[in-house]
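> Provided below: data-v9.pdb, containing PDB, C-alpha atoms.
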```
ATOM      1  CA  MET W   1       1.267   3.257 -29.397
ATOM      2  CA  SER W   2      -0.087   0.770 -26.861
ATOM      3  CA  ILE W   3       0.957   0.777 -23.200
ATOM      4  CA  LYS W   4       2.827  -2.499 -23.741
ATOM      5  CA  ASN W   5       4.865  -1.047 -26.608
ATOM      6  CA  ARG W   6       5.609   2.085 -24.615
ATOM      7  CA  LEU W   7       6.867   0.026 -21.699
ATOM      8  CA  LEU W   8       9.057  -2.052 -24.010
ATOM      9  CA  LYS W   9      10.458   1.127 -25.521
ATOM     10  CA  ILE W  10      11.273   2.547 -22.093
ATOM     11  CA  ILE W  11      12.928  -0.727 -21.040
ATOM     12  CA  ASN W  12      15.035  -0.828 -24.215
ATOM     13  CA  THR W  13      16.057   2.810 -23.810
ATOM     14  CA  PHE W  14      16.936   2.237 -20.175
ATOM     15  CA  ASP W  15      18.994  -0.832 -21.098
ATOM     16  CA  GLN W  16      20.942   1.188 -23.682
ATOM     17  CA  ASN W  17      21.767   3.820 -21.069
ATOM     18  CA  ARG W  18      22.496   1.418 -18.204
ATOM     19  CA  PHE W  19      26.104   2.566 -17.767
ATOM     20  CA  LEU W  20      25.087   6.234 -17.640
ATOM     21  CA  PHE W  21      22.378   5.438 -15.097
ATOM     22  CA  LYS W  22      24.860   3.655 -12.817
ATOM     23  CA  GLN W  23      27.196   6.648 -12.969
ATOM     24  CA  LEU W  24      24.353   9.029 -12.124
ATOM     25  CA  VAL W  25      23.375   6.946  -9.090
ATOM     26  CA  LYS W  26      26.977   6.907  -7.863
ATOM     27  CA  ARG W  27      27.292  10.657  -8.405
ATOM     28  CA  ASP W  28      24.056  11.475  -6.567
ATOM     29  CA  PHE W  29      25.002   9.215  -3.679
ATOM     30  CA  LYS W  30      28.456  10.792  -3.339
ATOM     31  CA  GLN W  31      27.138  14.351  -3.632
ATOM     32  CA  LYS W  32      24.633  13.809  -0.854
ATOM     33  CA  TYR W  33      27.326  12.929   1.685
ATOM     34  CA  LYS W  34      30.135  15.040   0.285
ATOM     35  CA  ARG W  35      32.271  16.650   3.009
ATOM     36  CA  THR W  36      30.277  15.038   5.827
ATOM     37  CA  ILE W  37      32.073  13.256   8.636
ATOM     38  CA  LEU W  38      29.424  10.588   9.277
ATOM     39  CA  GLY W  39      28.571  10.010   5.609
ATOM     40  CA  MET W  40      25.939   7.312   5.047
ATOM     41  CA  PHE W  41      25.365   7.061   8.785
ATOM     42  CA  TRP W  42      23.228  10.216   8.487
ATOM     43  CA  SER W  43      20.650   8.117   6.621
ATOM     44  CA  VAL W  44      20.025   6.237   9.850
ATOM     45  CA  LEU W  45      20.864   8.944  12.384
ATOM     46  CA  ASN W  46      18.497  11.557  10.941
ATOM     47  CA  PRO W  47      15.250   9.540  11.351
ATOM     48  CA  LEU W  48      16.436   8.312  14.760
ATOM     49  CA  LEU W  49      16.968  11.857  16.017
ATOM     50  CA  THR W  50      13.594  12.890  14.592
ATOM     51  CA  LEU W  51      12.003   9.884  16.318
ATOM     52  CA  LEU W  52      13.620  10.854  19.628
ATOM     53  CA  VAL W  53      12.338  14.435  19.422
ATOM     54  CA  MET W  54       8.819  13.373  18.438
ATOM     55  CA  ARG W  55       8.678  10.773  21.211
ATOM     56  CA  ILE W  56       9.713  13.345  23.825
ATOM     57  CA  VAL W  57       7.205  15.931  22.562
ATOM     58  CA  PHE W  58       4.170  13.749  21.812
ATOM     59  CA  LEU W  59       4.426  10.772  24.176
ATOM     60  CA  ARG W  60       2.417  12.340  27.008
ATOM     61  CA  MET W  61      -0.145  13.911  24.685
ATOM     62  CA  PHE W  62      -0.883  10.990  22.370
ATOM     63  CA  GLY W  63       1.096   7.908  23.389
ATOM     64  CA  LYS W  64       0.189   7.246  27.008
ATOM     65  CA  THR W  65      -2.415   4.601  26.244
ATOM     66  CA  MET W  66      -1.102   3.564  22.824
ATOM     67  CA  PRO W  67       0.831   0.264  22.751
ATOM     68  CA  HIS W  68       4.179   0.261  20.947
ATOM     69  CA  TYR W  69       4.051   4.025  20.489
ATOM     70  CA  THR W  70       7.733   4.173  19.486
ATOM     71  CA  ILE W  71       7.083   1.783  16.590
ATOM     72  CA  TYR W  72       3.922   3.718  15.756
ATOM     73  CA  LEU W  73       5.993   6.915  15.453
ATOM     74  CA  PHE W  74       8.884   5.257  13.667
ATOM     75  CA  ALA W  75       6.659   3.741  10.969
ATOM     76  CA  GLY W  76       5.181   7.130  10.110
ATOM     77  CA  ASN W  77       8.522   8.878  10.360
ATOM     78  CA  ILE W  78      10.482   6.683   7.937
ATOM     79  CA  ILE W  79       7.717   6.677   5.298
ATOM     80  CA  MET W  80       7.330  10.451   5.445
ATOM     81  CA  SER W  81      11.095  11.048   5.465
ATOM     82  CA  TYR W  82      11.517   8.868   2.388
ATOM     83  CA  PHE W  83       8.697  10.667   0.590
ATOM     84  CA  LYS W  84      10.137  14.088   1.415
ATOM     85  CA  ASP W  85      13.665  13.184   0.366
ATOM     86  CA  ALA W  86      12.756  11.415  -2.886
ATOM     87  CA  THR W  87      10.256  14.001  -4.113
ATOM     88  CA  ALA W  88      12.126  17.137  -3.014
ATOM     89  CA  THR W  89      15.397  16.052  -4.639
ATOM     90  CA  GLY W  90      13.507  14.606  -7.606
ATOM     91  CA  MET W  91      11.814  17.950  -8.181
ATOM     92  CA  GLN W  92      15.179  19.575  -8.914
ATOM     93  CA  SER W  93      16.641  16.653 -10.858
ATOM     94  CA  LEU W  94      16.079  18.215 -14.290
ATOM     95  CA  MET W  95      17.203  21.734 -13.418
ATOM     96  CA  ASN W  96      20.303  20.512 -11.592
ATOM     97  CA  ASN W  97      21.346  18.697 -14.769
ATOM     98  CA  SER W  98      20.249  21.380 -17.233
ATOM     99  CA  GLN W  99      23.742  21.800 -18.687
ATOM    100  CA  VAL W 100      23.930  18.120 -19.560
ATOM    101  CA  ILE W 101      20.354  17.934 -20.870
ATOM    102  CA  SER W 102      20.808  20.970 -23.141
ATOM    103  CA  LYS W 103      23.918  19.463 -24.768
ATOM    104  CA  ILE W 104      23.297  15.722 -24.930
ATOM    105  CA  ASN W 105      20.180  13.950 -26.164
ATOM    106  CA  ILE W 106      19.533  11.384 -23.438
ATOM    107  CA  PRO W 107      16.323  10.271 -21.703
ATOM    108  CA  LYS W 108      15.569  12.952 -19.144
ATOM    109  CA  TYR W 109      13.853  10.582 -16.750
ATOM    110  CA  LEU W 110      17.224   8.947 -16.000
ATOM    111  CA  PHE W 111      18.177  11.910 -13.817
ATOM    112  CA  LEU W 112      15.004  11.552 -11.769
ATOM    113  CA  PHE W 113      15.354   7.771 -11.547
ATOM    114  CA  SER W 114      18.907   8.059 -10.234
ATOM    115  CA  ARG W 115      17.771  10.407  -7.461
ATOM    116  CA  ASN W 116      15.013   7.993  -6.520
ATOM    117  CA  VAL W 117      17.383   5.035  -6.381
ATOM    118  CA  SER W 118      19.686   6.971  -4.054
ATOM    119  CA  SER W 119      16.749   7.858  -1.772
ATOM    120  CA  PHE W 120      15.474   4.271  -1.888
ATOM    121  CA  MET W 121      18.840   2.904  -0.749
ATOM    122  CA  ASN W 122      18.784   5.257   2.229
ATOM    123  CA  PHE W 123      15.199   4.262   2.969
ATOM    124  CA  MET W 124      16.017   0.550   3.041
ATOM    125  CA  LEU W 125      18.750   1.234   5.583
ATOM    126  CA  THR W 126      16.190   2.868   7.865
ATOM    127  CA  VAL W 127      13.773  -0.031   7.299
ATOM    128  CA  GLY W 128      16.451  -2.346   8.667
ATOM    129  CA  VAL W 129      16.759  -0.157  11.770
ATOM    130  CA  PHE W 130      12.955  -0.068  12.066
ATOM    131  CA  LEU W 131      12.794  -3.876  12.137
ATOM    132  CA  LEU W 132      15.510  -3.880  14.794
ATOM    133  CA  PHE W 133      13.389  -1.519  16.905
ATOM    134  CA  CYS W 134      10.429  -3.883  16.453
ATOM    135  CA  LEU W 135      12.568  -6.671  17.868
ATOM    136  CA  ILE W 136      13.673  -4.513  20.815
ATOM    137  CA  ASP W 137      10.041  -3.525  21.477
ATOM    138  CA  LYS W 138       9.204  -7.252  21.739
ATOM    139  CA  ILE W 139       6.994  -7.358  18.660
ATOM    140  CA  THR W 140       6.551 -10.933  17.417
ATOM    141  CA  PHE W 141       7.889 -11.491  13.910
ATOM    142  CA  THR W 142       5.612 -13.616  11.738
ATOM    143  CA  TRP W 143       5.332 -14.430   8.040
ATOM    144  CA  LYS W 144       3.037 -11.407   7.756
ATOM    145  CA  PHE W 145       6.099  -9.150   7.866
ATOM    146  CA  PHE W 146       6.846 -10.287   4.298
ATOM    147  CA  MET W 147       3.730  -8.305   3.317
ATOM    148  CA  LEU W 148       5.730  -5.129   3.993
ATOM    149  CA  VAL W 149       7.050  -5.468   0.455
ATOM    150  CA  PHE W 150       3.708  -4.080  -0.770
ATOM    151  CA  PRO W 151       3.826  -0.712   1.021
ATOM    152  CA  ILE W 152       7.517  -0.413   0.083
ATOM    153  CA  ILE W 153       6.664  -0.867  -3.597
ATOM    154  CA  SER W 154       3.714   1.499  -3.265
ATOM    155  CA  ILE W 155       5.709   4.351  -1.706
ATOM    156  CA  ALA W 156       8.517   3.872  -4.257
ATOM    157  CA  VAL W 157       6.045   4.177  -7.156
ATOM    158  CA  LEU W 158       4.353   7.163  -5.501
ATOM    159  CA  ASP W 159       7.686   8.943  -5.020
ATOM    160  CA  LEU W 160       8.593   8.343  -8.634
ATOM    161  CA  GLY W 161       5.271   9.614  -9.960
ATOM    162  CA  VAL W 162       5.139  12.696  -7.735
ATOM    163  CA  GLY W 163       8.804  13.389  -8.496
ATOM    164  CA  MET W 164       8.129  13.322 -12.242
ATOM    165  CA  ILE W 165       5.231  15.748 -11.909
ATOM    166  CA  LEU W 166       7.165  18.112  -9.643
ATOM    167  CA  SER W 167      10.300  18.083 -11.799
ATOM    168  CA  CYS W 168       8.188  19.042 -14.823
ATOM    169  CA  LEU W 169       6.445  21.863 -12.974
ATOM    170  CA  TYR W 170       9.702  23.127 -11.477
ATOM    171  CA  VAL W 171      11.191  23.683 -14.940
ATOM    172  CA  PHE W 172       8.379  26.114 -15.769
ATOM    173  CA  PHE W 173       7.544  27.468 -12.297
ATOM    174  CA  ARG W 174      10.454  27.972  -9.886
ATOM    175  CA  ASP W 175       7.972  28.920  -7.160
ATOM    176  CA  MET W 176       7.238  25.199  -6.780
ATOM    177  CA  ASP W 177      10.241  24.879  -4.492
ATOM    178  CA  TYR W 178       8.661  27.174  -1.881
ATOM    179  CA  LEU W 179       5.100  25.991  -2.394
ATOM    180  CA  TYR W 180       6.078  22.347  -2.043
ATOM    181  CA  GLY W 181       7.892  23.050   1.208
ATOM    182  CA  ILE W 182       4.665  24.453   2.651
ATOM    183  CA  PHE W 183       2.703  21.521   1.274
ATOM    184  CA  LEU W 184       5.062  18.996   2.911
ATOM    185  CA  THR W 185       4.591  20.663   6.288
ATOM    186  CA  LEU W 186       0.820  20.425   5.898
ATOM    187  CA  LEU W 187       1.048  16.822   4.693
ATOM    188  CA  THR W 188       3.138  15.855   7.719
ATOM    189  CA  TYR W 189       0.408  17.012  10.096
ATOM    190  CA  LEU W 190      -2.324  15.338   8.049
ATOM    191  CA  SER W 191      -0.691  11.903   7.860
ATOM    192  CA  GLY W 192      -1.349  10.713  11.413
ATOM    193  CA  ILE W 193       2.333  10.289  12.184
ATOM    194  CA  PHE W 194       2.194  11.099  15.907
ATOM    195  CA  TYR W 195      -1.520  10.777  16.713
ATOM    196  CA  ASP W 196      -4.265   8.195  16.323
ATOM    197  CA  VAL W 197      -6.752   9.173  13.612
ATOM    198  CA  ASP W 198      -9.499   7.132  15.316
ATOM    199  CA  GLN W 199      -9.990  10.017  17.737
ATOM    200  CA  PHE W 200     -11.715  11.890  14.907
ATOM    201  CA  GLY W 201     -14.555   9.374  14.856
ATOM    202  CA  SER W 202     -16.449   9.192  11.577
ATOM    203  CA  TYR W 203     -14.067  11.741  10.025
ATOM    204  CA  ALA W 204     -11.180   9.280  10.336
ATOM    205  CA  ARG W 205     -12.120   7.767   6.975
ATOM    206  CA  LEU W 206     -11.137  11.039   5.317
ATOM    207  CA  PHE W 207      -7.496  10.178   6.040
ATOM    208  CA  LEU W 208      -7.768   7.384   3.476
ATOM    209  CA  ALA W 209      -7.705  10.116   0.825
ATOM    210  CA  ASN W 210      -4.089  10.711   1.832
ATOM    211  CA  PRO W 211      -1.888   8.076   0.076
ATOM    212  CA  ILE W 212       0.929   8.614   2.586
ATOM    213  CA  TYR W 213      -1.350   7.791   5.508
ATOM    214  CA  VAL W 214      -2.678   4.722   3.682
ATOM    215  CA  ILE W 215       0.872   3.371   3.323
ATOM    216  CA  ILE W 216       1.853   4.261   6.898
ATOM    217  CA  ASN W 217      -1.288   2.619   8.273
ATOM    218  CA  TYR W 218      -0.567  -0.555   6.266
ATOM    219  CA  VAL W 219       2.862  -0.850   7.918
ATOM    220  CA  ARG W 220       1.328  -0.325  11.368
ATOM    221  CA  LEU W 221      -1.392  -2.893  10.767
ATOM    222  CA  ILE W 222       1.215  -5.512   9.872
ATOM    223  CA  CYS W 223       3.828  -4.719  12.516
ATOM    224  CA  ILE W 224       1.758  -3.647  15.515
ATOM    225  CA  ASP W 225      -1.641  -5.272  15.050
ATOM    226  CA  GLY W 226      -0.567  -8.338  13.058
ATOM    227  CA  ILE W 227      -3.411  -7.738  10.589
ATOM    228  CA  ILE W 228      -3.223  -8.124   6.811
ATOM    229  CA  PRO W 229      -5.326  -5.377   5.162
ATOM    230  CA  SER W 230      -8.134  -6.345   2.814
ATOM    231  CA  LEU W 231      -7.872  -6.657  -0.962
ATOM    232  CA  ARG W 232      -9.819  -3.411  -1.239
ATOM    233  CA  TYR W 233      -7.207  -1.687   0.893
ATOM    234  CA  HIS W 234      -4.423  -3.035  -1.354
ATOM    235  CA  ILE W 235      -6.192  -1.677  -4.430
ATOM    236  CA  LEU W 236      -6.554   1.718  -2.758
ATOM    237  CA  MET W 237      -2.885   1.751  -1.767
ATOM    238  CA  PHE W 238      -1.632   0.944  -5.269
ATOM    239  CA  SER W 239      -4.138   2.858  -7.398
ATOM    240  CA  VAL W 240      -3.109   6.391  -6.370
ATOM    241  CA  PRO W 241       0.662   5.869  -6.918
ATOM    242  CA  VAL W 242      -0.017   4.326 -10.341
ATOM    243  CA  VAL W 243      -2.210   7.297 -11.308
ATOM    244  CA  PHE W 244       0.531   9.736 -10.286
ATOM    245  CA  LEU W 245       3.098   7.720 -12.238
ATOM    246  CA  LEU W 246       0.952   7.708 -15.390
ATOM    247  CA  ILE W 247       0.410  11.470 -15.104
ATOM    248  CA  GLY W 248       4.146  11.985 -14.642
ATOM    249  CA  CYS W 249       4.988   9.850 -17.685
ATOM    250  CA  HIS W 250       2.462  11.774 -19.772
ATOM    251  CA  MET W 251       3.957  15.120 -18.714
ATOM    252  CA  TYR W 252       7.490  13.981 -19.513
ATOM    253  CA  LYS W 253       6.405  12.890 -22.959
ATOM    254  CA  LYS W 254       4.360  16.022 -23.663
ATOM    255  CA  TYR W 255       6.971  18.552 -22.517
ATOM    256  CA  ASN W 256      10.073  16.614 -23.535
ATOM    257  CA  HIS W 257      11.211  19.208 -26.072
ATOM    258  CA  ALA W 258       9.868  22.220 -24.179
ATOM    259  CA  PHE W 259      12.150  21.526 -21.207
ATOM    260  CA  ILE W 260      15.228  22.701 -23.082
ATOM    261  CA  TYR W 261      13.791  26.149 -23.811
ATOM    262  CA  TYR W 262      13.048  26.863 -20.143
ATOM    263  CA  MET W 263      16.335  25.618 -18.667
TER     264      MET W 263
END
```
Hey, can you dump this file as structure tokens for me?

Amino acid sequence: MSIKNRLLKIINTFDQNRFLFKQLVKRDFKQKYKRTILGMFWSVLNPLLTLLVMRIVFLRMFGKTMPHYTIYLFAGNIIMSYFKDATATGMQSLMNNSQVISKINIPKYLFLFSRNVSSFMNFMLTVGVFLLFCLIDKITFTWKFFMLVFPIISIAVLDLGVGMILSCLYVFFRDMDYLYGIFLTLLTYLSGIFYDVDQFGSYARLFLANPIYVIINYVRLICIDGIIPSLRYHILMFSVPVVFLLIGCHMYKKYNHAFIYYM
């Protein structure tokens, strides 16, 4: 089956299960804020509190000579927070719905997609706050800000692909939950969130191997420097997420029937 036919099949299947998907999104969104006083406000408050702590801790060490350091931090913080939330919850999407999956024959990727939509909605709320902070920090808004749609699409595709891979692995290896937590801590320190990678000289190019840093740097180039990255940079930013997504789709197809026996 060609890629085009596979995509058409997925679209048709998704269209047939549209009502179920909407209910899953509503359920995931409600569960996330169940029994919380502030509810959805935590989506905005959490990155703001993290930003405040990081600014207090790292301002004197890394931000003294860096212009718009608050925006620099905020850009890295919201991208990383979105990645953590979407992939960590996506990893458990199959196991958390094992009772439904074992009884009803429905596309399993719907559970992962619904988690990603919930995380994406929260992310877009924080993006709105980020743009407000840009305005407060006296950053000039130009038409180049419309280019932010590209890193947003890129991180959404990356989250979906990584989430698919992790959710597959988690069904067979429950240790993934602990291992991924360690990996996220390492990734946070290797994504240049609170420091300038240029201080590493010629080694700074190694950070381009990190897709999270590539996306974060794109946002900073647009918002802080007013620079549109090159076509080569766009290809780099989109290629890795697409590869992860293709791997995830392949794993879902290959282990579709095996999932039930391990749940």
> Need to verify the contact set: Asp85 (chain W), 10 Å, only C-alpha atoms, exclusion of same-chain residues closer than 2 positions in sequence. Can you return it as a PyMOL selection string?
chain W and resi 80-83+87-91+115-116+118-120+122-123+159
> Would you kindly translate the PyMOL selection byres ((chain W and resi 114) around 9) into the concrete residues it picks from this file, as a VMD selection string?
chain W and resid 21 to 28 90 93 109 to 113 115 to 119
> For a cutoff of 10 Å around the file-coordinate point (2.3, 1.5, 12.3), which residues qualify once you count all atoms listed in the file? I'd like the result as a short mmCIF file (atom, residue, chain, number, x, y, z; two decimals) with C-alpha atoms, keeping the file's coordinate frame.

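The result, stored in result16.cif:
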```
data_model
loop_
_atom_site.label_atom_id
_atom_site.label_comp_id
_atom_site.auth_asym_id
_atom_site.auth_seq_id
_atom_site.Cartn_x
_atom_site.Cartn_y
_atom_site.Cartn_z
CA HIS W 68 4.18 0.26 20.95
CA TYR W 69 4.05 4.03 20.49
CA THR W 70 7.73 4.17 19.49
CA ILE W 71 7.08 1.78 16.59
CA TYR W 72 3.92 3.72 15.76
CA LEU W 73 5.99 6.92 15.45
CA PHE W 74 8.88 5.26 13.67
CA ALA W 75 6.66 3.74 10.97
CA GLY W 76 5.18 7.13 10.11
CA ASN W 77 8.52 8.88 10.36
CA GLY W 192 -1.35 10.71 11.41
CA ILE W 193 2.33 10.29 12.18
CA TYR W 213 -1.35 7.79 5.51
CA ILE W 215 0.87 3.37 3.32
CA ILE W 216 1.85 4.26 6.90
CA ASN W 217 -1.29 2.62 8.27
CA TYR W 218 -0.57 -0.56 6.27
CA VAL W 219 2.86 -0.85 7.92
CA ARG W 220 1.33 -0.32 11.37
CA LEU W 221 -1.39 -2.89 10.77
CA ILE W 222 1.22 -5.51 9.87
CA CYS W 223 3.83 -4.72 12.52
CA ILE W 224 1.76 -3.65 15.52
CA ASP W 225 -1.64 -5.27 15.05
#
```
> Would you please work out which residue, of W:Gly226, W:Pro107, W:Gly181, W:Pro211, is nearest to Phe141 (chain W) when using only C-alpha atoms?
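The shortest atom-to-atom distance to Phe141 (chain W) comes from W:Gly226.
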> Would you mind reading off the distance between CA of Ile228 (chain W) and CA of Leu184 (chain W), one decimal, in Å?
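Atom-to-atom, CA of Ile228 (chain W) and CA of Leu184 (chain W) are spaced 28.6 Å apart.
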> Using only C-alpha atoms, which of W:Leu131, W:Ile56, W:Cys168, W:Leu206 sits nearest Tyr252 (chain W)?
W:Cys168
